[in-house]
>>> print(open('protein-v4.tsv').read())   # TSV, N, CA and C atoms
chain	number	residue	atom	x	y	z
A	151	MET	N	-2.76	14.38	4.66
A	151	MET	CA	-2.15	13.99	5.91
A	151	MET	C	-1.29	12.76	5.66
A	152	LYS	N	-0.08	12.76	6.15
A	152	LYS	CA	0.84	11.64	5.95
A	152	LYS	C	0.45	10.46	6.83
A	153	ALA	N	0.63	9.26	6.28
A	153	ALA	CA	0.28	8.05	7.02
A	153	ALA	C	1.37	7.00	6.84
A	154	LEU	N	1.49	6.13	7.82
A	154	LEU	CA	2.41	5.01	7.77
A	154	LEU	C	1.60	3.74	7.55
A	155	VAL	N	2.18	2.77	6.84
A	155	VAL	CA	1.56	1.48	6.63
A	155	VAL	C	2.58	0.42	7.00
A	156	ALA	N	2.20	-0.49	7.91
A	156	ALA	CA	3.07	-1.60	8.29
A	156	ALA	C	2.33	-2.91	8.01
A	157	VAL	N	3.05	-3.87	7.43
A	157	VAL	CA	2.45	-5.15	7.09
A	157	VAL	C	3.19	-6.25	7.84
A	158	THR	N	2.43	-7.08	8.57
A	158	THR	CA	3.01	-8.24	9.24
A	158	THR	C	2.33	-9.48	8.70
A	159	ASP	N	2.73	-10.63	9.21
A	159	ASP	CA	2.09	-11.87	8.76
A	159	ASP	C	0.68	-12.03	9.29
A	160	ARG	N	0.27	-11.19	10.23
A	160	ARG	CA	-1.06	-11.30	10.84
A	160	ARG	C	-1.97	-10.10	10.60
A	161	ARG	N	-1.40	-8.95	10.29
A	161	ARG	CA	-2.24	-7.75	10.15
A	161	ARG	C	-1.54	-6.66	9.35
A	162	ILE	N	-2.37	-5.67	8.99
A	162	ILE	CA	-1.89	-4.44	8.36
A	162	ILE	C	-2.25	-3.32	9.32
A	163	ILE	N	-1.28	-2.53	9.67
A	163	ILE	CA	-1.49	-1.43	10.62
A	163	ILE	C	-1.23	-0.12	9.88
A	164	THR	N	-2.15	0.83	10.04
A	164	THR	CA	-1.94	2.16	9.49
A	164	THR	C	-1.99	3.17	10.63
A	165	ALA	N	-1.31	4.27	10.43
A	165	ALA	CA	-1.29	5.32	11.44
A	165	ALA	C	-0.96	6.65	10.79
A	166	LYS	N	-1.52	7.72	11.34
A	166	LYS	CA	-1.10	9.06	10.92
A	166	LYS	C	0.31	9.24	11.45
A	167	THR	N	1.20	9.72	10.59
A	167	THR	CA	2.62	9.81	10.94
A	167	THR	C	2.86	10.56	12.25
A	168	ASN	N	2.35	11.77	12.36
A	168	ASN	CA	2.59	12.57	13.57
A	168	ASN	C	1.99	11.93	14.81
A	169	ALA	N	0.76	11.42	14.71
A	169	ALA	CA	0.11	10.81	15.86
A	169	ALA	C	0.88	9.58	16.33
A	170	PHE	N	1.42	8.82	15.38
A	170	PHE	CA	2.18	7.64	15.75
A	170	PHE	C	3.51	8.02	16.39
A	171	LEU	N	4.23	8.94	15.77
A	171	LEU	CA	5.56	9.32	16.28
A	171	LEU	C	5.49	10.07	17.60
A	172	GLU	N	4.45	10.88	17.80
A	172	GLU	CA	4.36	11.70	19.00
A	172	GLU	C	3.63	11.00	20.15
A	173	GLN	N	2.63	10.15	19.82
A	173	GLN	CA	1.82	9.54	20.87
A	173	GLN	C	1.69	8.03	20.77
A	174	GLY	N	2.32	7.41	19.76
A	174	GLY	CA	2.21	5.97	19.57
A	174	GLY	C	0.82	5.53	19.14
A	175	GLU	N	0.04	6.43	18.58
A	175	GLU	CA	-1.34	6.16	18.20
A	175	GLU	C	-1.43	5.41	16.87
A	176	ILE	N	-2.21	4.33	16.86
A	176	ILE	CA	-2.44	3.54	15.65
A	176	ILE	C	-3.82	3.87	15.11
A	177	GLY	N	-3.93	4.03	13.81
A	177	GLY	CA	-5.20	4.36	13.19
A	177	GLY	C	-6.06	3.14	12.92
A	178	GLN	N	-5.58	2.21	12.11
A	178	GLN	CA	-6.32	1.01	11.76
A	178	GLN	C	-5.47	-0.22	12.03
A	179	ASP	N	-6.13	-1.30	12.43
A	179	ASP	CA	-5.50	-2.60	12.62
A	179	ASP	C	-6.37	-3.59	11.85
A	180	ILE	N	-5.91	-3.97	10.67
A	180	ILE	CA	-6.71	-4.82	9.79
A	180	ILE	C	-6.13	-6.23	9.79
A	181	PRO	N	-6.86	-7.21	10.35
A	181	PRO	CA	-6.38	-8.59	10.30
A	181	PRO	C	-6.26	-9.07	8.85
A	182	ILE	N	-5.20	-9.79	8.55
A	182	ILE	CA	-4.96	-10.30	7.20
A	182	ILE	C	-6.17	-11.10	6.69
A	183	ASP	N	-6.79	-11.88	7.57
A	183	ASP	CA	-7.88	-12.73	7.11
A	183	ASP	C	-9.13	-11.95	6.71
A	184	ARG	N	-9.17	-10.66	6.96
A	184	ARG	CA	-10.30	-9.83	6.51
A	184	ARG	C	-10.07	-9.24	5.14
A	185	VAL	N	-8.83	-9.29	4.66
A	185	VAL	CA	-8.51	-8.72	3.36
A	185	VAL	C	-8.94	-9.69	2.28
A	186	ARG	N	-9.73	-9.18	1.37
A	186	ARG	CA	-10.26	-10.02	0.29
A	186	ARG	C	-9.50	-9.84	-1.01
A	187	TYR	N	-8.94	-8.67	-1.25
A	187	TYR	CA	-8.33	-8.42	-2.55
A	187	TYR	C	-7.32	-7.29	-2.44
A	188	VAL	N	-6.25	-7.38	-3.23
A	188	VAL	CA	-5.26	-6.31	-3.30
A	188	VAL	C	-4.76	-6.22	-4.73
A	189	ARG	N	-4.48	-4.99	-5.17
A	189	ARG	CA	-3.92	-4.83	-6.51
A	189	ARG	C	-3.16	-3.52	-6.60
A	190	ALA	N	-2.17	-3.52	-7.47
A	190	ALA	CA	-1.49	-2.29	-7.84
A	190	ALA	C	-2.22	-1.75	-9.05
A	191	ALA	N	-2.46	-0.46	-9.09
A	191	ALA	CA	-3.24	0.13	-10.17
A	191	ALA	C	-2.71	1.51	-10.52
A	192	THR	N	-3.19	2.03	-11.63
A	192	THR	CA	-2.91	3.40	-12.01
A	192	THR	C	-4.23	4.15	-12.01
A	193	VAL	N	-4.28	5.25	-11.27
A	193	VAL	CA	-5.50	6.04	-11.17
A	193	VAL	C	-5.47	7.12	-12.24
A	194	GLN	N	-6.54	7.21	-12.98
A	194	GLN	CA	-6.64	8.21	-14.03
A	194	GLN	C	-7.31	9.46	-13.46
A	195	ASN	N	-6.53	10.48	-13.22
A	195	ASN	CA	-7.08	11.78	-12.84
A	195	ASN	C	-6.28	12.83	-13.60
A	196	ARG	N	-6.04	13.97	-13.04
A	196	ARG	CA	-5.27	15.00	-13.75
A	196	ARG	C	-3.94	14.46	-14.26
A	197	SER	N	-3.31	13.63	-13.46
A	197	SER	CA	-2.09	12.95	-13.88
A	197	SER	C	-2.20	11.51	-13.44
A	198	GLU	N	-1.56	10.63	-14.17
A	198	GLU	CA	-1.64	9.22	-13.80
A	198	GLU	C	-0.84	9.01	-12.52
A	199	ARG	N	-1.51	8.45	-11.51
A	199	ARG	CA	-0.87	8.19	-10.22
A	199	ARG	C	-0.96	6.72	-9.90
A	200	LEU	N	0.10	6.20	-9.32
A	200	LEU	CA	0.11	4.81	-8.89
A	200	LEU	C	-0.70	4.67	-7.62
A	201	ALA	N	-1.30	3.51	-7.44
A	201	ALA	CA	-2.13	3.27	-6.27
A	201	ALA	C	-2.05	1.80	-5.88
A	202	VAL	N	-2.36	1.54	-4.62
A	202	VAL	CA	-2.57	0.18	-4.14
A	202	VAL	C	-3.99	0.16	-3.58
A	203	ASP	N	-4.79	-0.75	-4.12
A	203	ASP	CA	-6.17	-0.93	-3.64
A	203	ASP	C	-6.19	-2.13	-2.71
A	204	LEU	N	-6.80	-1.95	-1.56
A	204	LEU	CA	-6.93	-3.01	-0.55
A	204	LEU	C	-8.41	-3.12	-0.21
A	205	ILE	N	-9.00	-4.26	-0.51
A	205	ILE	CA	-10.43	-4.47	-0.29
A	205	ILE	C	-10.60	-5.44	0.89
A	206	THR	N	-11.34	-5.01	1.91
A	206	THR	CA	-11.61	-5.88	3.05
A	206	THR	C	-13.10	-6.20	3.07
A	207	ARG	N	-13.51	-7.00	4.04
A	207	ARG	CA	-14.93	-7.29	4.19
A	207	ARG	C	-15.72	-6.02	4.45
A	208	ASP	N	-15.10	-5.06	5.13
A	208	ASP	CA	-15.82	-3.89	5.62
A	208	ASP	C	-15.58	-2.59	4.85
A	209	GLU	N	-14.48	-2.51	4.13
A	209	GLU	CA	-14.17	-1.24	3.47
A	209	GLU	C	-13.23	-1.41	2.30
A	210	ASN	N	-13.19	-0.39	1.46
A	210	ASN	CA	-12.25	-0.30	0.35
A	210	ASN	C	-11.24	0.78	0.69
A	211	ILE	N	-9.97	0.42	0.64
A	211	ILE	CA	-8.91	1.36	0.99
A	211	ILE	C	-8.04	1.54	-0.25
A	212	GLN	N	-7.67	2.79	-0.53
A	212	GLN	CA	-6.79	3.06	-1.65
A	212	GLN	C	-5.68	3.98	-1.19
A	213	TRP	N	-4.44	3.56	-1.40
A	213	TRP	CA	-3.29	4.39	-1.10
A	213	TRP	C	-2.77	4.93	-2.43
A	214	LEU	N	-2.77	6.27	-2.57
A	214	LEU	CA	-2.28	6.94	-3.77
A	214	LEU	C	-0.86	7.43	-3.54
A	215	PHE	N	-0.05	7.39	-4.59
A	215	PHE	CA	1.34	7.80	-4.50
A	215	PHE	C	1.59	8.93	-5.48
A	216	GLN	N	2.52	9.80	-5.13
A	216	GLN	CA	2.88	10.92	-5.99
A	216	GLN	C	3.37	10.40	-7.34
A	217	THR	N	3.28	11.22	-8.36
A	217	THR	CA	3.63	10.80	-9.72
A	217	THR	C	5.10	10.45	-9.87
A	218	ASP	N	5.97	10.96	-9.00
A	218	ASP	CA	7.40	10.68	-9.15
A	218	ASP	C	7.85	9.43	-8.40
A	219	VAL	N	6.93	8.70	-7.77
A	219	VAL	CA	7.28	7.47	-7.05
A	219	VAL	C	7.54	6.37	-8.06
A	220	ASP	N	8.61	5.63	-7.85
A	220	ASP	CA	8.99	4.51	-8.72
A	220	ASP	C	7.93	3.41	-8.62
A	221	SER	N	7.43	2.97	-9.76
A	221	SER	CA	6.40	1.93	-9.77
A	221	SER	C	6.89	0.62	-9.15
A	222	THR	N	8.20	0.40	-9.15
A	222	THR	CA	8.77	-0.80	-8.54
A	222	THR	C	8.46	-0.84	-7.04
A	223	GLN	N	8.51	0.30	-6.39
A	223	GLN	CA	8.23	0.36	-4.96
A	223	GLN	C	6.76	0.08	-4.67
A	224	VAL	N	5.87	0.64	-5.48
A	224	VAL	CA	4.43	0.42	-5.31
A	224	VAL	C	4.11	-1.04	-5.58
A	225	ASP	N	4.69	-1.60	-6.63
A	225	ASP	CA	4.47	-3.01	-6.94
A	225	ASP	C	4.97	-3.90	-5.81
A	226	ALA	N	6.09	-3.53	-5.18
A	226	ALA	CA	6.63	-4.32	-4.07
A	226	ALA	C	5.69	-4.31	-2.88
A	227	LEU	N	5.08	-3.16	-2.57
A	227	LEU	CA	4.12	-3.11	-1.48
A	227	LEU	C	2.91	-3.99	-1.79
A	228	ALA	N	2.40	-3.91	-3.00
A	228	ALA	CA	1.25	-4.75	-3.39
A	228	ALA	C	1.62	-6.23	-3.32
A	229	ALA	N	2.85	-6.57	-3.69
A	229	ALA	CA	3.28	-7.97	-3.63
A	229	ALA	C	3.36	-8.48	-2.20
A	230	VAL	N	3.86	-7.66	-1.29
A	230	VAL	CA	3.91	-8.06	0.13
A	230	VAL	C	2.50	-8.33	0.63
A	231	LEU	N	1.57	-7.46	0.30
A	231	LEU	CA	0.19	-7.65	0.72
A	231	LEU	C	-0.42	-8.89	0.07
A	232	ALA	N	-0.09	-9.13	-1.19
A	232	ALA	CA	-0.68	-10.24	-1.94
A	232	ALA	C	-0.23	-11.61	-1.44
A	233	GLU	N	0.91	-11.68	-0.79
A	233	GLU	CA	1.42	-12.97	-0.33
A	233	GLU	C	0.45	-13.69	0.59
A	234	SER	N	-0.31	-12.95	1.39
A	234	SER	CA	-1.23	-13.59	2.33
A	234	SER	C	-2.69	-13.37	2.01
A	235	MET	N	-3.00	-12.73	0.92
A	235	MET	CA	-4.37	-12.41	0.61
A	235	MET	C	-5.05	-13.57	-0.10
A	236	MET	N	-6.36	-13.58	0.02
A	236	MET	CA	-7.16	-14.59	-0.65
A	236	MET	C	-7.55	-14.06	-2.04
A	237	ILE	N	-6.57	-14.05	-2.95
A	237	ILE	CA	-6.82	-13.61	-4.32
A	237	ILE	C	-6.48	-14.77	-5.25
A	238	PRO	N	-6.94	-14.72	-6.50
A	238	PRO	CA	-6.62	-15.79	-7.44
A	238	PRO	C	-5.11	-15.98	-7.58
A	239	ASP	N	-4.67	-17.24	-7.66
A	239	ASP	CA	-3.24	-17.55	-7.75
A	239	ASP	C	-2.55	-16.83	-8.90
A	240	VAL	N	-3.19	-16.74	-10.05
A	240	VAL	CA	-2.57	-16.09	-11.20
A	240	VAL	C	-2.27	-14.63	-10.90
A	241	GLU	N	-3.15	-13.93	-10.18
A	241	GLU	CA	-2.91	-12.54	-9.83
A	241	GLU	C	-1.85	-12.41	-8.75
A	242	ARG	N	-1.87	-13.32	-7.77
A	242	ARG	CA	-0.84	-13.31	-6.72
A	242	ARG	C	0.54	-13.52	-7.36
A	243	ASP	N	0.63	-14.47	-8.28
A	243	ASP	CA	1.91	-14.75	-8.95
A	243	ASP	C	2.41	-13.54	-9.72
A	244	ALA	N	1.50	-12.86	-10.43
A	244	ALA	CA	1.89	-11.67	-11.19
A	244	ALA	C	2.41	-10.57	-10.27
A	245	LEU	N	1.74	-10.35	-9.14
A	245	LEU	CA	2.20	-9.34	-8.19
A	245	LEU	C	3.54	-9.72	-7.58
A	246	GLN	N	3.73	-11.00	-7.28
A	246	GLN	CA	4.98	-11.43	-6.67
A	246	GLN	C	6.14	-11.31	-7.66
A	247	ARG	N	5.90	-11.55	-8.94
A	247	ARG	CA	6.96	-11.38	-9.94
A	247	ARG	C	7.41	-9.93	-9.98
A	248	ARG	N	6.48	-8.98	-9.86
A	248	ARG	CA	6.83	-7.55	-9.85
A	248	ARG	C	7.71	-7.20	-8.66
A	249	ARG	N	7.46	-7.86	-7.53
A	249	ARG	CA	8.19	-7.54	-6.30
A	249	ARG	C	9.68	-7.74	-6.46
A	250	TYR	N	10.08	-8.71	-7.26
A	250	TYR	CA	11.48	-9.06	-7.36
A	250	TYR	C	12.21	-8.33	-8.48
A	251	THR	N	11.60	-7.33	-9.06
A	251	THR	CA	12.27	-6.47	-10.01
A	251	THR	C	13.30	-5.65	-9.26
A	252	PRO	N	14.55	-5.59	-9.74
A	252	PRO	CA	15.59	-4.87	-8.99
A	252	PRO	C	15.23	-3.41	-8.75
A	253	VAL	N	15.55	-2.91	-7.57
A	253	VAL	CA	15.35	-1.51	-7.21
A	253	VAL	C	16.68	-0.80	-7.41
A	254	GLU	N	16.66	0.26	-8.22
A	254	GLU	CA	17.89	0.99	-8.50
A	254	GLU	C	18.18	2.01	-7.41
A	255	ALA	N	19.46	2.39	-7.28
A	255	ALA	CA	19.86	3.38	-6.29
A	255	ALA	C	19.32	4.74	-6.68
A	256	GLY	N	19.05	5.58	-5.67
A	256	GLY	CA	18.58	6.94	-5.90
A	256	GLY	C	19.65	7.81	-6.53
A	257	SER	N	19.35	9.05	-6.80
A	257	SER	CA	20.27	9.94	-7.51
A	257	SER	C	21.56	10.21	-6.75
A	258	GLU	N	21.53	10.07	-5.43
A	258	GLU	CA	22.74	10.34	-4.66
A	258	GLU	C	23.37	9.05	-4.16
A	259	GLY	N	23.08	7.93	-4.84
A	259	GLY	CA	23.68	6.67	-4.45
A	259	GLY	C	22.98	5.98	-3.29
A	260	GLU	N	21.91	6.57	-2.76
A	260	GLU	CA	21.18	5.95	-1.67
A	260	GLU	C	20.11	5.06	-2.25
A	261	SER	N	19.74	3.99	-1.55
A	261	SER	CA	18.68	3.15	-2.06
A	261	SER	C	17.36	3.88	-1.97
A	262	THR	N	16.50	3.52	-2.89
A	262	THR	CA	15.16	4.10	-2.93
A	262	THR	C	14.32	3.42	-1.87
A	263	HIS	N	13.60	4.18	-1.07
A	263	HIS	CA	12.77	3.62	0.00
A	263	HIS	C	11.30	3.85	-0.33
A	264	SER	N	10.45	3.02	0.24
A	264	SER	CA	9.01	3.19	0.07
A	264	SER	C	8.59	4.54	0.63
A	265	LYS	N	7.59	5.10	0.04
A	265	LYS	CA	7.09	6.40	0.48
A	265	LYS	C	5.99	6.22	1.50
A	266	SER	N	5.87	7.16	2.41
A	266	SER	CA	4.76	7.12	3.35
A	266	SER	C	3.52	7.63	2.65
A	267	ALA	N	2.37	7.30	3.18
A	267	ALA	CA	1.11	7.70	2.55
A	267	ALA	C	0.54	8.93	3.23
A	268	GLU	N	-0.27	9.66	2.50
A	268	GLU	CA	-0.91	10.86	3.02
A	268	GLU	C	-2.42	10.69	2.86
A	269	ALA	N	-3.16	10.76	3.94
A	269	ALA	CA	-4.60	10.48	3.90
A	269	ALA	C	-5.36	11.59	3.21
A	270	ALA	N	-6.37	11.23	2.46
A	270	ALA	CA	-7.25	12.21	1.83
A	270	ALA	C	-8.65	12.15	2.42
A	271	GLY	N	-8.96	11.07	3.14
A	271	GLY	CA	-10.18	10.96	3.92
A	271	GLY	C	-11.48	10.89	3.16
A	272	SER	N	-11.55	10.17	2.02
A	272	SER	CA	-12.81	9.99	1.34
A	272	SER	C	-13.19	8.52	1.36
A	273	ASP	N	-14.40	8.19	0.95
A	273	ASP	CA	-14.82	6.80	0.89
A	273	ASP	C	-14.85	6.39	-0.55
A	274	PRO	N	-14.07	5.46	-1.06
A	274	PRO	CA	-13.21	4.61	-0.26
A	274	PRO	C	-12.08	5.39	0.38
A	275	THR	N	-11.53	4.83	1.46
A	275	THR	CA	-10.42	5.46	2.15
A	275	THR	C	-9.29	5.63	1.16
A	276	THR	N	-8.77	6.84	1.03
A	276	THR	CA	-7.73	7.14	0.07
A	276	THR	C	-6.58	7.81	0.79
A	277	CYS	N	-5.37	7.39	0.48
A	277	CYS	CA	-4.18	8.01	1.06
A	277	CYS	C	-3.25	8.43	-0.07
A	278	ASP	N	-2.68	9.60	0.02
A	278	ASP	CA	-1.70	10.08	-0.94
A	278	ASP	C	-0.31	9.89	-0.35
A	279	ALA	N	0.65	9.57	-1.20
A	279	ALA	CA	2.02	9.37	-0.73
A	279	ALA	C	2.82	10.66	-0.88
A	280	ASP	N	3.87	10.76	-0.05
A	280	ASP	CA	4.79	11.89	-0.17
A	280	ASP	C	5.47	11.88	-1.51
>>> encode(input="protein-v4.tsv", output="structure tokens")
Amino acid sequence: MKALVAVTDRRIITAKTNAFLEQGEIGQDIPIDRVRYVRAATVQNRSERLAVDLITRDENIQWLFQTDVDSTQVDALAAVLAESMMIPDVERDALQRRRYTPVEAGSEGESTHSKSAEAAGSDPTTCDAD
């Protein structure tokens, strides 16, 4: 199931794409101060997939991305999350350095955009990207 992720200076909001677009329904509203850790990772399964792990006081959330997603985009999402998280400075700095890696134009001259996530519904919460 496709999901949207929005990050503000105060919270992270997730929503199922169709429910949000058709009814304005929000799935999760996670206050920034509840987030304990964030990282960009590679998940080892049938194929290596990029992921963003978000650990809160109450749950572990993992957003998985398709194998063809540019790692620069995934790193940029992790860096945005890391800016306000309570993680070690050395790890925050490493994530922020990744964020500023130039993003190249897509094959048709359009800029590459972040992918939406697709929920898989397991514990930890896992979302797959388009």
>>> residues_around(input="protein-v4.tsv", residues="Ile162 in chain A", least_positions_apart="5", cutoff="7 Å", atoms="only C-alpha atoms", output="short mmCIF file (atom, residue, chain, number, x, y, z; two decimals) with N, CA and C atoms, keeping the file's coordinate frame")
data_model
loop_
_atom_site.label_atom_id
_atom_site.label_comp_id
_atom_site.auth_asym_id
_atom_site.auth_seq_id
_atom_site.Cartn_x
_atom_site.Cartn_y
_atom_site.Cartn_z
N ALA A 156 2.20 -0.49 7.91
CA ALA A 156 3.07 -1.60 8.29
C ALA A 156 2.33 -2.91 8.01
N VAL A 157 3.05 -3.87 7.43
CA VAL A 157 2.45 -5.15 7.09
C VAL A 157 3.19 -6.25 7.84
N ASP A 179 -6.13 -1.30 12.43
CA ASP A 179 -5.50 -2.60 12.62
C ASP A 179 -6.37 -3.59 11.85
N ILE A 180 -5.91 -3.97 10.67
CA ILE A 180 -6.71 -4.82 9.79
C ILE A 180 -6.13 -6.23 9.79
N PRO A 181 -6.86 -7.21 10.35
CA PRO A 181 -6.38 -8.59 10.30
C PRO A 181 -6.26 -9.07 8.85
N ILE A 182 -5.20 -9.79 8.55
CA ILE A 182 -4.96 -10.30 7.20
C ILE A 182 -6.17 -11.10 6.69
#
>>> atom_distance(input="protein-v4.tsv", atom1="CA of Ser197 in chain A", atom2="CA of Ala229 in chain A")
23.9 Å
>>> closest_residue(input="protein-v4.tsv", among="A:Glu172, A:Asp239, A:Glu233, A:Glu198", to="Ser221 in chain A", atoms="only C-alpha atoms")
A:Glu198
>>> atom_distance(input="protein-v4.tsv", atom1="atom N of Gln178 in chain A", atom2="atom C of Leu154 in chain A")
8.6 Å
>>> select_by_dssp(input="protein-v4.tsv", residues="range 182-230 of chain A", states="helix (DSSP H, G or I)", output="short mmCIF file (atom, residue, chain, number, x, y, z; two decimals) with N, CA and C atoms, keeping the file's coordinate frame")
data_model
loop_
_atom_site.label_atom_id
_atom_site.label_comp_id
_atom_site.auth_asym_id
_atom_site.auth_seq_id
_atom_site.Cartn_x
_atom_site.Cartn_y
_atom_site.Cartn_z
N ILE A 182 -5.20 -9.79 8.55
CA ILE A 182 -4.96 -10.30 7.20
C ILE A 182 -6.17 -11.10 6.69
N ASP A 183 -6.79 -11.88 7.57
CA ASP A 183 -7.88 -12.73 7.11
C ASP A 183 -9.13 -11.95 6.71
N ARG A 184 -9.17 -10.66 6.96
CA ARG A 184 -10.30 -9.83 6.51
C ARG A 184 -10.07 -9.24 5.14
N SER A 221 7.43 2.97 -9.76
CA SER A 221 6.40 1.93 -9.77
C SER A 221 6.89 0.62 -9.15
N THR A 222 8.20 0.40 -9.15
CA THR A 222 8.77 -0.80 -8.54
C THR A 222 8.46 -0.84 -7.04
N GLN A 223 8.51 0.30 -6.39
CA GLN A 223 8.23 0.36 -4.96
C GLN A 223 6.76 0.08 -4.67
N VAL A 224 5.87 0.64 -5.48
CA VAL A 224 4.43 0.42 -5.31
C VAL A 224 4.11 -1.04 -5.58
N ASP A 225 4.69 -1.60 -6.63
CA ASP A 225 4.47 -3.01 -6.94
C ASP A 225 4.97 -3.90 -5.81
N ALA A 226 6.09 -3.53 -5.18
CA ALA A 226 6.63 -4.32 -4.07
C ALA A 226 5.69 -4.31 -2.88
N LEU A 227 5.08 -3.16 -2.57
CA LEU A 227 4.12 -3.11 -1.48
C LEU A 227 2.91 -3.99 -1.79
N ALA A 228 2.40 -3.91 -3.00
CA ALA A 228 1.25 -4.75 -3.39
C ALA A 228 1.62 -6.23 -3.32
N ALA A 229 2.85 -6.57 -3.69
CA ALA A 229 3.28 -7.97 -3.63
C ALA A 229 3.36 -8.48 -2.20
N VAL A 230 3.86 -7.66 -1.29
CA VAL A 230 3.91 -8.06 0.13
C VAL A 230 2.50 -8.33 0.63
#
>>> residues_around(input="protein-v4.tsv", residues="Asp220 in chain A", least_positions_apart="4", cutoff="8 Å", atoms="all atoms listed in the file", output="ChimeraX atom specification")
/A:200,216,224-226,265
>>> closest_residue(input="protein-v4.tsv", among="A:Leu245, A:Leu214, A:Ala169, A:Leu231", to="Ala201 in chain A", atoms="only N, CA and C atoms")
A:Leu214
>>> axis_aligned_box(input="protein-v4.tsv", around="range 178-183 of chain A", padding_each_side="3 Å", output="AutoDock Vina command-line options")
--center_x -7.0 --center_y -5.3 --center_z 9.7 --size_x 10.2 --size_y 20.9 --size_z 11.9
>>> closest_residue(input="protein-v4.tsv", among="A:Val185, A:Ile211, A:Ala153, A:Val219", to="Arg199 in chain A", atoms="only C-alpha atoms")
A:Val219
>>> atom_distance(input="protein-v4.tsv", atom1="CA of Arg184 in chain A", atom2="CA of Asp208 in chain A")
8.2 Å
>>> closest_residue(input="protein-v4.tsv", among="A:Asp203, A:Asp159, A:Glu209, A:Glu241", to="Asp183 in chain A", atoms="only C-alpha atoms")
A:Asp159
